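What follows is a set of notes on a single structure, which appears directly below.
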2 protein chains.
Amino acid sequence: MKRHILALSGGVGGAKLATGLAAVLPPGDLTVVVNTGDDFEHLGLTICPDLDSVTYAMAGLNDTDRGWGVAGETWQAMAMLRELGEADWFNLGDRDLGMHIARSWRLRAGEMLSQVTARLTRELGIAHAIVPMSDTPVRTQIVSEEGVLDFQHYFVREQCRPVARAIRFEGVPGAAPSPGFAGALARPDLAAVIVCPSNPYLSVDPILAVDGVRAALQALAVPIIVVSPLVGGKALKGPLSKLLRELGEEARNLAIGHHYKELASHVIIDKADASDAEGLRALGLSVTITATVMCDADDRERLARVALSAARIEQEDNGTR
Amino acid sequence: MKRHILALSGGVGGAKLATGLAAVLPPGDLTVVVNTGDDFEHLGLTICPDLDSVTYAMAGLNDTDRGWGVAGETWQAMAMLRELGEADWFNLGDRDLGMHIARSWRLRAGEMLSQVTARLTRELGIAHAIVPMSDTPVRTQIVSEEGVLDFQHYFVREQCRPVARAIRFEGVPGAAPSPGFAGALARPDLAAVIVCPSNPYLSVDPILAVDGVRAALQALAVPIIVVSPLVGGKALKGPLSKLLRELGEEARNLAIGHHYKELASHVIIDKADASDAEGLRALGLSVTITATVMCDADDRERLARVALSAARIEQEDNGTR
């Protein structure tokens, strides 16, 4: 029986659903592929915000109150860096720094990001596979009215203030899927792909832009389930609504549907956006309407089960099981 | 009038006298040259323990209770590194890590250690010059009965347990004095050299081993004042007594005197070791007997003044003023 689930995830929102999937699926049945387009080099460290968000969430180390980073975080190194006159626009927590240091020195020693990620997640007791989309750096850039900005410069330093005109991914073509990603795409027991509720432009598109990924997904005879990141026509977090507006799209699920219509078979939308269902169905997509806001473990597991059910229904409809 | 003082310093003990000298001398009159033989690469960071000890002490950031590192230190990054399965034998505080990160990324970006040190000490409000002995890595190694050990492996990881047979400095010859060190040695207004109370074998010898330094010091027509690190025949801190024994020397000021007799004109010893004075004088050295333990700022400034007085007396005796 086909039972392996490939989840594509960005940061915090995606990490929640990935954690829900990990709670309801045995380790062998889930591969979480994470966006690395947000990664950047800062103060000599390689920082992978989305990998870290997924890792911290799946290890139960994430700060659920603040909504990002590690629980029990402190900021002493940052205070010293500030005293030393170093850049302080990207807030590096002390515990978080442990992760960046471990990753950075191993990358510099020649390990691939996949290997480093496998090692560090295993050390944190994570049984499920978390894999970067690629071992080759891909860097999301915002073409803004103020020039081209590296993603974290746009997102954190400039607080998404510049008006975006386009988004581009430096490094593709030229970046192959990581072995874990390629392996999951090629699994004979792959049952479904779940696109976690992450920003389609900033978090999922970089994954789809990796060499051969879009074609491989299109060639798969398995359901591709998109969980919309919108709730009531707004993103819970991050600059999605503003970006959609600036890129000439409405901040509605219809834009999400258009974005994924060549790829997805099914979209899961929030109850607050039930009126979007008709338009999505007109695009040829199946629709599930449910509560998509994940405040706790129950919410995460419930939404994971909804996504898996949608996949199962699609499998049966398509006779691909 | 000759008034510039060149101080040679290792870590904690030397840092105390350097701080005393900085308290009693205007910034233009003091260059503190610091041992970098203890420096090492760890987890991708360039760590310079002696430079940091001197910097923290002169910036008033040092932890006087613990005796090393930064006051108000926390260990959160270290805890995370441990959770991630990384080496934890060298304890990296969070505030300390800010320093290592700042230094490491700037070195990697191509700055010289001298430039980085000048920048970081200036940012911390230190007006006096703290300069590394060389911009080229020199690495102290312990030839022990268990093989050759890098200094921090011997000192921290192995807690000085292996029996030492010899000490060597990888990288010399081949390491030139840093511009600040060479400049101080060449100053026409150089009045004296003060060897701070640091381990002669581990902290001062690496400085003397830098290309041309020993010869330059011998050629100087200025007093060279050694402040002994021994108190009551023991080092206050570190492995000096054990090392002296293993290297076949007595842990007494006579061994220190022999060690420096080609170089020094004057030795300052502690009252507890007053009986060593005669032997030192027999070696042709002038001797000052005083309290050398520095518990607070008053102690540090007093000992600094004693050292400066010794230099002045030597200057007058030698007619070099």
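Labeling convention for the structure tokens: chains A, B, ... as they appear, residues from 1 per chain, ligands from 1 in order of appearance.
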Q: Determine which residues of stretch 3-248 of chain B DSSP labels as alpha helix (DSSP H) from the backbone of this structure, then write them out as a ChimeraX atom specification.
A: /B:12-24,49-58,76-83,94-108,113-123,151-152,179-185,205-209,213-219,240-246
Counting only C-alpha atoms, what are the residues of chain B within 9 Å of chain A, and for each of them which pair of atoms is the nearest and at what distance in Å, to one decimal? Sort the table by chain and rising number, as a Markdown table.
```
| residue | atom | partner | partner_atom | distance |
| --- | --- | --- | --- | --- |
| B:His42 | CA | A:Trp105 | CA | 8.6 |
| B:Leu43 | CA | A:Trp105 | CA | 5.4 |
| B:Gly44 | CA | A:Trp105 | CA | 4.6 |
| B:Leu45 | CA | A:Trp105 | CA | 8.0 |
| B:Glu73 | CA | A:Gln76 | CA | 7.9 |
| B:Thr74 | CA | A:Gln76 | CA | 7.5 |
| B:Trp75 | CA | A:Asp94 | CA | 8.2 |
| B:Gln76 | CA | A:Arg95 | CA | 5.2 |
| B:Ala77 | CA | A:Gly98 | CA | 4.4 |
| B:Met78 | CA | A:Gly98 | CA | 6.4 |
| B:Ala79 | CA | A:Arg95 | CA | 7.4 |
| B:Met80 | CA | A:Gly98 | CA | 5.2 |
| B:Leu81 | CA | A:Gly98 | CA | 4.9 |
| B:Arg82 | CA | A:Gly98 | CA | 8.6 |
| B:Glu83 | CA | A:Leu124 | CA | 6.5 |
| B:Leu84 | CA | A:Glu123 | CA | 5.2 |
| B:Gly85 | CA | A:Glu123 | CA | 6.2 |
| B:Glu86 | CA | A:Ala102 | CA | 6.9 |
| B:Gly93 | CA | A:Ala77 | CA | 8.4 |
| B:Asp94 | CA | A:Ala77 | CA | 4.9 |
| B:Arg95 | CA | A:Ala77 | CA | 4.4 |
| B:Asp96 | CA | A:Ala77 | CA | 7.1 |
| B:Leu97 | CA | A:Ala77 | CA | 5.9 |
| B:Gly98 | CA | A:Ala77 | CA | 4.4 |
| B:Met99 | CA | A:Leu81 | CA | 6.7 |
| B:Ile101 | CA | A:Leu43 | CA | 6.7 |
| B:Ala102 | CA | A:Leu81 | CA | 6.6 |
| B:Ser104 | CA | A:Gly44 | CA | 7.2 |
| B:Trp105 | CA | A:Gly44 | CA | 4.6 |
| B:Arg106 | CA | A:Leu43 | CA | 8.0 |
| B:Arg108 | CA | A:Gly44 | CA | 7.6 |
| B:Ala109 | CA | A:Gly44 | CA | 8.5 |
| B:Arg119 | CA | A:Leu84 | CA | 8.2 |
| B:Leu120 | CA | A:Leu84 | CA | 5.6 |
| B:Thr121 | CA | A:Leu84 | CA | 8.0 |
| B:Arg122 | CA | A:Leu84 | CA | 8.4 |
| B:Glu123 | CA | A:Leu84 | CA | 5.2 |
| B:Leu124 | CA | A:Leu84 | CA | 6.2 |
```
Q.
List as a ChimeraX atom specification the protein and nucleic acid residues near A:Phe151, meaning an atom at most 12 Å away when only C-alpha atoms are counted, but skip any in the same chain fewer than 6 places from it.
A. /A:36-41,48-49,138-144,157-160,162,164,166-170,201-203,206,239
Q: For atom CA of A:Leu25 and atom CA of A:Asp299, determine how far apart the two atoms are, in Å to one decimal place.
A: 15.4 Å
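Atom CA of B:Gly67 is positioned 14.8 Å from atom CA of B:Leu92.
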(Q) I'd like the contact shell of A:Leu21 - 10 Å cut-off, only C-alpha atoms, skipping same-chain residues fewer than 3 positions apart - returned as an MDAnalysis selection string. (A) chainID A and resid 5 7 15:18 24:27 29:32 58 128 194 300:305 307:308
